[in-house]
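Below you'll find the structure, written out as structure tokens, and then a few comments.
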Amino acid sequence: MHPSGLYWAWYLLPALVVYLLFMAFPLLDSVRLSFFSDNTGSWEFVGISNYSKLFSNEFFEGVPYIQRYGNAIKNTCVFFCIHMLVQNVLGMLFAVILTNKRMRGRTVYQAVIFLPTTFAILVTGYLWKLLLNPIWSRGFLEGLGLGSLSQPWLGQPETALTAVSLISCWQWIGIPTMMFVAGLLNISDDLYEAAEIEGASKWSIFWRIKLPLVKPVVGMISILTFVNNFNAFDIVYATEGANGPPAYATDLLGTFFARVGILGQHPRGNADRGMGAAIATITFIFLIIGSLIVLNNTRTKEKEK
Amino acid sequence: MKGKRKRRASLRLQNLSIGSHVTLCIWSLIVLFPLWTMVTGSFKDKLSIYTNTFGLPETWNWQNYTTTLTERGSNFPTYFLNSFVVVIASLLLVMLFGSLAAYALARWRSRIPTVLYFVFIGGMMLPIKIASVRLIVLMKDLGLLNTIWSLIPVYVAMGLPIAIFVLTEFVRQTPVEMLEAANVDGASPFLTFWRIVVPLLRPALATVAIYNLIPFWNDLWFPLIFISNDKSKTLMLGVTRLFGEFKTDWSRVLAVLTLSAVPVMILYFIFSKQFIKGLTAGGVKG
């Protein structure tokens, strides 16, 4: 039996309707909304004024818009760089150990490394917020002779962003680790054996064979981390608050977007939805361009091989 | 000569393994210590948590749990139930719509399904948060704002791409003879689907459920932007409220956090392999 196209269309209909109505359409239509404003109560076309306002010196939260926005972009980039550094270095280290077939207890370690990934970001954030509170940590760290480490890491403008980033890395490290593990397992054993026969040391096997061959994995991790970090909100919300305290030191694009476009500005202003849509649109374009760059680089490398 | 070299090599390997164990043990401590603190701390009380923060509780105090769960006026059971309904409904719809679509995409010989397949798969990389402003307006127009029903269509849309990816691959690998076995008996096409295809898809459907369970259960963003009335809050949104409310009673806060993490943690301990595979493949985060 070869059913007609119309027949199959019925099977596709429910998924297609939900997907188009609640994913594709809102994504595309927010681009349209970014040229509108609903500050007067109804949506009115305002041209590019949301965009020009975002890059202007008009005041927002006591400083020019561009300053607040620029600060959020800068913080997001730092947030991203810390993730890339920690996830790639530690993830690779863990993956090399976990793919060592002579190593015992690999499944247990793997399960532990991956465990925080299953937590709600909110729970992770609250938990670390309590743990890093000096009221708690002081006694414990002094007992270890590390009293100087007991500082309000989340409360100091100089350290808050790094602390939040590391908490986020603590949670997500399992995913890059397992992606590296999958990448390393794809490399055939013959290659290692050949290298060992040639007398290559562990280090040169790592640098010359393992690392170049898992480079595409680094590309995948970059895209994934990039997309997630540029939308990150929960972790800052839980550890610091939607305003990115102290002094906007942890204000990411995600929190900025939420404050401007959805939750309303501090303390209780109205949300500027058109502006929110404009910020989201720019982020969206960033993400597409960034992902394409990474994809392009990984692909040419594959061709060279 | 050869034996000596071999022995030295194995010794070196052992040394490497010791270093590896030390590294992983340190990391395991870093992972498990906060959890230990969370669970043990939830059995302490307001004062003992300050005097004995990281040890085992001297007396196990269950009160934090009993009051959170059963106290009159406690909203925790409502939050929990809301989350439960939303997650189960969303998962069921993802599985139903996903398998219907996957069946058609795998069997329909035409260019249309090829294009549609990529349209769906493209959604795996799209961050739906970016559409939040438009989604709020849409939910308001549909009259769903402030109800748990606003969450379900968004989660279903979020879950469909990966569901269709997994299920379509699975149907493609299933022999056509098996899929068409019931046609001979003159069963209606939908009955064939329901009686033959769905049972065949069962292992793939389990994978899909595991992939989507964590992002649905742990989501804070959409409840936060859609729901402000207390009766419709989900667990994660409720936790933000309770965290603020019990700020000074840390053992109580830890009990709330433990309770909210327990369902997924239990499932993780049972299905850790599938979780690791699923979350890594999907690259799904919170």
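Residues are referred to by chain and number: the chain letter is A, B, ... according to the order shown in the structure tokens, the number counts from 1 in that chain, and ligands are numbered separately from 1 in the order shown.
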
Restrict the calculation to only C-alpha atoms, then for each residue of chain B with any atom at most 6 Å from an atom of chain A give the closest atom pair and their distance in Å to one decimal, rows by chain and rising residue number, as a tab-separated table.
residue	atom	partner	partner_atom	distance
B:Phe97	CA	A:Ala15	CA	5.1
B:Leu100	CA	A:Tyr11	CA	5.1
B:Ala101	CA	A:Leu12	CA	4.5
B:Ala104	CA	A:Trp8	CA	5.4
B:Ile130	CA	A:Ala280	CA	5.2
B:Ala131	CA	A:Leu27	CA	4.6
B:Arg134	CA	A:Pro26	CA	5.2
B:Leu135	CA	A:Pro26	CA	6.0
B:Val154	CA	A:Phe22	CA	5.8
B:Ala157	CA	A:Tyr19	CA	4.8
B:Asn218	CA	A:Ala120	CA	4.6
B:Thr280	CA	A:Ile175	CA	5.4

Checklist entry - Using only C-alpha atoms, which residues sit within 12 Å of segment 169-180 of chain B once same-chain residues fewer than 5 positions away are excluded, as a PyMOL selection string? => result (chain A and resi 1-3) or (chain B and resi 98-108+117+121+162-164+185-205+207-208)

Residue contacts of Asp189 of chain A (12 Å, only C-alpha atoms) excluding same-chain residues fewer than 4 positions away, as a CSV table (one decimal) with all heavy atoms, in the first residue's frame:
chain,number,residue,atom,x,y,z
A,99,THR,N,38.5,7.4,29.4
A,99,THR,CA,38.6,6.5,28.2
A,99,THR,C,39.8,5.6,28.4
A,99,THR,O,40.1,4.8,27.5
A,99,THR,CB,38.7,7.3,26.9
A,99,THR,OG1,39.7,8.3,27.1
A,99,THR,CG2,37.4,7.9,26.5
A,100,ASN,N,40.5,5.7,29.5
A,100,ASN,CA,41.6,4.8,29.8
A,100,ASN,C,41.0,3.4,30.2
A,100,ASN,O,40.5,3.3,31.3
A,100,ASN,CB,42.5,5.4,30.9
A,100,ASN,CG,43.6,4.4,31.3
A,100,ASN,OD1,43.8,3.3,30.7
A,100,ASN,ND2,44.4,4.9,32.2
A,101,LYS,N,41.2,2.4,29.4
A,101,LYS,CA,40.5,1.2,29.6
A,101,LYS,C,41.0,0.4,30.8
A,101,LYS,O,40.3,-0.4,31.3
A,101,LYS,CB,40.5,0.3,28.3
A,101,LYS,CG,39.8,0.9,27.2
A,101,LYS,CD,39.5,-0.1,26.1
A,101,LYS,CE,38.7,0.5,25.0
A,101,LYS,NZ,39.5,1.4,24.1
A,184,LEU,N,36.8,10.6,21.7
A,184,LEU,CA,38.0,9.8,21.9
A,184,LEU,C,37.7,8.4,21.6
A,184,LEU,O,38.6,7.7,21.1
A,184,LEU,CB,38.5,10.0,23.3
A,184,LEU,CG,39.1,11.3,23.7
A,184,LEU,CD1,39.5,11.4,25.2
A,184,LEU,CD2,40.4,11.5,22.8
A,185,LEU,N,36.5,7.9,21.9
A,185,LEU,CA,36.2,6.5,21.6
A,185,LEU,C,36.1,6.2,20.2
A,185,LEU,O,36.2,5.1,19.7
A,185,LEU,CB,34.9,6.1,22.4
A,185,LEU,CG,35.0,6.0,23.9
A,185,LEU,CD1,33.6,5.6,24.5
A,185,LEU,CD2,36.0,5.0,24.3
A,193,GLU,N,48.0,2.1,18.9
A,193,GLU,CA,49.0,1.0,18.9
A,193,GLU,C,50.2,1.3,18.0
A,193,GLU,O,51.3,1.1,18.3
A,193,GLU,CB,48.3,-0.3,18.4
A,193,GLU,CG,47.6,-1.0,19.6
A,193,GLU,CD,46.7,-2.1,19.1
A,193,GLU,OE1,46.9,-2.7,18.0
A,193,GLU,OE2,45.7,-2.4,19.8
A,194,ALA,N,49.8,1.8,16.8
A,194,ALA,CA,50.9,2.2,15.9
A,194,ALA,C,51.8,3.3,16.5
A,194,ALA,O,53.0,3.1,16.5
A,194,ALA,CB,50.3,2.8,14.6
A,195,ALA,N,51.2,4.2,17.2
A,195,ALA,CA,52.0,5.3,17.9
A,195,ALA,C,52.9,4.7,19.0
A,195,ALA,O,54.0,5.0,19.1
A,195,ALA,CB,51.1,6.3,18.4
A,196,GLU,N,52.3,3.7,19.7
A,196,GLU,CA,53.1,3.1,20.8
A,196,GLU,C,54.2,2.3,20.3
A,196,GLU,O,55.3,2.3,20.9
A,196,GLU,CB,52.1,2.2,21.7
A,196,GLU,CG,51.6,3.0,22.9
A,196,GLU,CD,50.5,2.2,23.6
A,196,GLU,OE1,50.6,1.0,23.7
A,196,GLU,OE2,49.6,2.9,24.1
A,205,ILE,N,51.3,11.3,22.3
A,205,ILE,CA,50.0,10.7,21.8
A,205,ILE,C,48.9,11.7,22.0
A,205,ILE,O,48.0,11.9,21.1
A,205,ILE,CB,49.7,9.3,22.5
A,205,ILE,CG1,50.7,8.3,22.0
A,205,ILE,CG2,48.3,8.9,22.1
A,205,ILE,CD1,50.6,6.9,22.6
A,209,ILE,N,47.9,13.1,18.5
A,209,ILE,CA,46.8,12.3,18.0
A,209,ILE,C,45.4,12.7,18.6
A,209,ILE,O,44.5,13.0,17.8
A,209,ILE,CB,47.0,10.8,18.3
A,209,ILE,CG1,48.3,10.4,17.6
A,209,ILE,CG2,45.9,9.9,17.7
A,209,ILE,CD1,48.7,8.9,17.9
A,210,LYS,N,45.3,12.6,19.9
A,210,LYS,CA,44.0,12.8,20.5
A,210,LYS,C,43.5,14.2,20.2
A,210,LYS,O,42.3,14.4,19.8
A,210,LYS,CB,44.1,12.5,22.0
A,210,LYS,CG,44.3,11.0,22.3
A,210,LYS,CD,44.2,10.7,23.8
A,210,LYS,CE,44.5,9.3,24.0
A,210,LYS,NZ,44.5,8.9,25.5

Item to check | Within 8 Å of segment 294-296 of chain A using only C-alpha atoms, minus same-chain residues under 4 positions, as a ChimeraX atom specification | outcome: /A:219,222-223,290,300

Can those selected residues be exported to a file as a PDB file, in the first residue's frame so that it contains N, CA, C and O atoms?
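Dumped everything to selection_15.pdb:
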ATOM      1  N   GLY A 219      34.543  22.257  18.533  1.00  0.00           N
ATOM      2  CA  GLY A 219      33.629  23.117  17.777  1.00  0.00           C
ATOM      3  C   GLY A 219      32.189  22.967  18.245  1.00  0.00           C
ATOM      4  O   GLY A 219      31.495  23.949  18.485  1.00  0.00           O
ATOM      5  N   SER A 222      31.753  24.502  21.576  1.00  0.00           N
ATOM      6  CA  SER A 222      31.734  25.968  21.478  1.00  0.00           C
ATOM      7  C   SER A 222      30.334  26.461  21.131  1.00  0.00           C
ATOM      8  O   SER A 222      29.814  27.373  21.774  1.00  0.00           O
ATOM      9  N   ILE A 223      29.733  25.855  20.114  1.00  0.00           N
ATOM     10  CA  ILE A 223      28.406  26.308  19.689  1.00  0.00           C
ATOM     11  C   ILE A 223      27.393  26.153  20.815  1.00  0.00           C
ATOM     12  O   ILE A 223      26.644  27.072  21.143  1.00  0.00           O
ATOM     13  N   GLY A 290      27.812  33.522  14.952  1.00  0.00           N
ATOM     14  CA  GLY A 290      28.821  32.794  15.727  1.00  0.00           C
ATOM     15  C   GLY A 290      28.829  31.318  15.396  1.00  0.00           C
ATOM     16  O   GLY A 290      29.876  30.720  15.160  1.00  0.00           O
ATOM     17  N   THR A 300      36.073  23.033   7.391  1.00  0.00           N
ATOM     18  CA  THR A 300      37.262  23.119   6.543  1.00  0.00           C
ATOM     19  C   THR A 300      38.366  22.227   7.089  1.00  0.00           C
ATOM     20  O   THR A 300      39.107  21.620   6.337  1.00  0.00           O
TER      21      THR A 300
END

Checklist entry - Do you have the atom CA of Leu138 of chain B-atom CA of Phe36 of chain A distance handy? => result 15.5 Å

Next on the checklist: Show me, as number ranges by chain, the residues that have an atom within 12 Å of segment 144-149 of chain B when counting only C-alpha atoms, minus same-chain residues fewer than 2 positions from it.
Outcome noted: B: 78-79, 81-87, 89-90, 135-142, 151-156, 222-235, 237

Selected residues written out, N, CA, C and O atoms, as a compact mmCIF listing (two decimals), in the first residue's frame:
# COMPACT_ATOMS: atom_id res chain seq x y z
N THR B 78 0.97 22.02 46.09
CA THR B 78 0.36 22.57 44.87
C THR B 78 1.42 22.74 43.79
O THR B 78 1.21 22.35 42.63
N TYR B 79 2.55 23.35 44.15
CA TYR B 79 3.63 23.56 43.18
C TYR B 79 4.06 22.22 42.59
O TYR B 79 4.26 22.08 41.38
N LEU B 81 2.45 19.39 42.42
CA LEU B 81 1.41 18.81 41.56
C LEU B 81 1.39 19.51 40.21
O LEU B 81 1.29 18.86 39.16
N ASN B 82 1.47 20.84 40.22
CA ASN B 82 1.48 21.59 38.96
C ASN B 82 2.62 21.13 38.05
O ASN B 82 2.41 20.88 36.87
N SER B 83 3.80 21.04 38.63
CA SER B 83 4.96 20.60 37.84
C SER B 83 4.72 19.21 37.28
O SER B 83 5.02 18.93 36.12
N PHE B 84 4.18 18.35 38.14
CA PHE B 84 3.94 16.98 37.75
C PHE B 84 2.99 16.93 36.55
O PHE B 84 3.28 16.28 35.54
N VAL B 85 1.88 17.65 36.63
CA VAL B 85 0.89 17.65 35.55
C VAL B 85 1.51 18.19 34.27
O VAL B 85 1.38 17.60 33.19
N VAL B 86 2.23 19.32 34.38
CA VAL B 86 2.81 19.94 33.19
C VAL B 86 3.81 19.01 32.53
O VAL B 86 3.78 18.81 31.31
N VAL B 87 4.68 18.41 33.33
CA VAL B 87 5.73 17.57 32.76
C VAL B 87 5.14 16.32 32.11
O VAL B 87 5.47 15.98 30.97
N ALA B 89 2.02 15.79 31.01
CA ALA B 89 1.22 16.13 29.83
C ALA B 89 2.14 16.48 28.66
O ALA B 89 1.92 16.03 27.53
N SER B 90 3.16 17.28 28.92
CA SER B 90 4.06 17.67 27.84
C SER B 90 4.78 16.47 27.25
O SER B 90 4.89 16.32 26.04
N LEU B 135 5.97 35.19 22.74
CA LEU B 135 5.22 34.12 23.39
C LEU B 135 4.30 34.65 24.48
O LEU B 135 3.18 34.18 24.64
N ILE B 136 4.77 35.65 25.21
CA ILE B 136 3.91 36.24 26.25
C ILE B 136 2.66 36.84 25.61
O ILE B 136 1.54 36.61 26.06
N VAL B 137 2.87 37.60 24.53
CA VAL B 137 1.74 38.22 23.84
C VAL B 137 0.79 37.15 23.32
O VAL B 137 -0.43 37.24 23.46
N LEU B 138 1.38 36.10 22.75
CA LEU B 138 0.58 34.99 22.21
C LEU B 138 -0.25 34.32 23.31
O LEU B 138 -1.46 34.08 23.14
N MET B 139 0.37 34.05 24.44
CA MET B 139 -0.34 33.39 25.54
C MET B 139 -1.45 34.27 26.09
O MET B 139 -2.50 33.79 26.49
N LYS B 140 -1.19 35.55 26.08
CA LYS B 140 -2.22 36.49 26.55
C LYS B 140 -3.42 36.43 25.60
O LYS B 140 -4.57 36.34 26.04
N ASP B 141 -3.13 36.46 24.30
CA ASP B 141 -4.21 36.39 23.31
C ASP B 141 -4.99 35.10 23.42
O ASP B 141 -6.20 35.06 23.19
N LEU B 142 -4.30 34.02 23.76
CA LEU B 142 -4.98 32.73 23.87
C LEU B 142 -5.67 32.57 25.23
O LEU B 142 -6.31 31.56 25.48
N LEU B 151 2.29 26.55 29.68
CA LEU B 151 3.63 25.95 29.59
C LEU B 151 3.66 24.78 28.62
O LEU B 151 4.66 24.55 27.94
N ILE B 152 2.55 24.04 28.59
CA ILE B 152 2.56 22.78 27.84
C ILE B 152 2.89 22.97 26.35
O ILE B 152 3.79 22.31 25.85
N PRO B 153 2.18 23.87 25.63
CA PRO B 153 2.52 23.99 24.20
C PRO B 153 3.97 24.41 23.96
O PRO B 153 4.60 23.92 23.01
N VAL B 154 4.51 25.26 24.83
CA VAL B 154 5.90 25.69 24.65
C VAL B 154 6.85 24.51 24.85
O VAL B 154 7.79 24.31 24.07
N TYR B 155 6.60 23.73 25.88
CA TYR B 155 7.47 22.57 26.13
C TYR B 155 7.35 21.56 25.00
O TYR B 155 8.34 20.96 24.59
N VAL B 156 6.12 21.36 24.51
CA VAL B 156 5.95 20.40 23.42
C VAL B 156 6.74 20.87 22.20
O VAL B 156 7.46 20.08 21.58
N PHE B 222 10.11 29.90 31.73
CA PHE B 222 8.75 30.09 31.23
C PHE B 222 7.72 30.24 32.36
O PHE B 222 6.87 31.13 32.27
N PRO B 223 7.80 29.44 33.43
CA PRO B 223 6.90 29.74 34.56
C PRO B 223 7.10 31.16 35.06
O PRO B 223 6.13 31.86 35.37
N LEU B 224 8.33 31.60 35.13
CA LEU B 224 8.61 32.94 35.65
C LEU B 224 7.96 34.03 34.81
O LEU B 224 7.43 35.00 35.35
N ILE B 225 7.99 33.87 33.49
CA ILE B 225 7.46 34.95 32.66
C ILE B 225 5.97 34.78 32.36
O ILE B 225 5.30 35.74 32.00
N PHE B 226 5.43 33.58 32.52
CA PHE B 226 4.00 33.37 32.21
C PHE B 226 3.11 33.45 33.45
O PHE B 226 1.93 33.77 33.34
N ILE B 227 3.65 33.08 34.59
CA ILE B 227 2.77 32.81 35.74
C ILE B 227 3.13 33.68 36.93
O ILE B 227 4.28 33.72 37.36
N SER B 228 2.13 34.39 37.45
CA SER B 228 2.40 35.15 38.65
C SER B 228 1.46 34.76 39.78
O SER B 228 1.72 35.08 40.93
N ASN B 229 0.34 34.08 39.48
CA ASN B 229 -0.51 33.73 40.61
C ASN B 229 -0.06 32.44 41.28
O ASN B 229 0.43 31.52 40.63
N ASP B 230 -0.20 32.43 42.58
CA ASP B 230 0.44 31.39 43.38
C ASP B 230 -0.09 30.00 43.09
O ASP B 230 0.65 29.03 43.16
N LYS B 231 -1.37 29.91 42.74
CA LYS B 231 -1.98 28.59 42.54
C LYS B 231 -1.42 27.87 41.33
O LYS B 231 -1.47 26.65 41.24
N SER B 232 -0.92 28.65 40.34
CA SER B 232 -0.47 28.03 39.09
C SER B 232 1.04 27.86 39.04
O SER B 232 1.56 27.43 38.02
N LYS B 233 1.74 28.22 40.11
CA LYS B 233 3.20 28.17 40.05
C LYS B 233 3.69 26.73 39.97
O LYS B 233 3.11 25.83 40.57
N THR B 234 4.78 26.56 39.24
CA THR B 234 5.41 25.24 39.20
C THR B 234 6.42 25.16 40.33
O THR B 234 6.69 26.13 41.02
N LEU B 235 6.97 23.97 40.48
CA LEU B 235 7.88 23.73 41.59
C LEU B 235 9.04 24.72 41.62
O LEU B 235 9.35 25.31 42.65
N LEU B 237 9.41 27.65 40.25
CA LEU B 237 8.98 29.01 40.55
C LEU B 237 8.61 29.11 42.03
O LEU B 237 8.91 30.11 42.69

Item to check | Backbone DSSP call of alpha helix (DSSP H) for segment 51-84 of chain B, listed as a ChimeraX atom specification | outcome: /B:51,63-70,76-84

Item to check | Separation of atom CA of Thr68 of chain B from atom CA of Ser260 of chain B, in Å and rounded to one decimal | outcome: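 Interatomic distance, atom CA of Thr68 of chain B to atom CA of Ser260 of chain B: 11.4 Å.
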
Next on the checklist: I'd like the neighbourhood of segment 249-258 of chain B as a list of chain:residue names, where a residue qualifies if any of its atoms comes within 8 Å (using only C-alpha atoms), though same-chain residues fewer than 6 positions away should be ignored.
Outcome noted: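 Contacts, in chain order: A:Val123, A:Leu127, B:Met38, B:Val39, B:Gly41, B:Ser42, B:Phe43, B:Lys44, B:Asp45, B:Lys46, B:Ile49, B:Asn64, B:Tyr65, B:Thr68, B:Val239, B:Leu242, B:Phe243.
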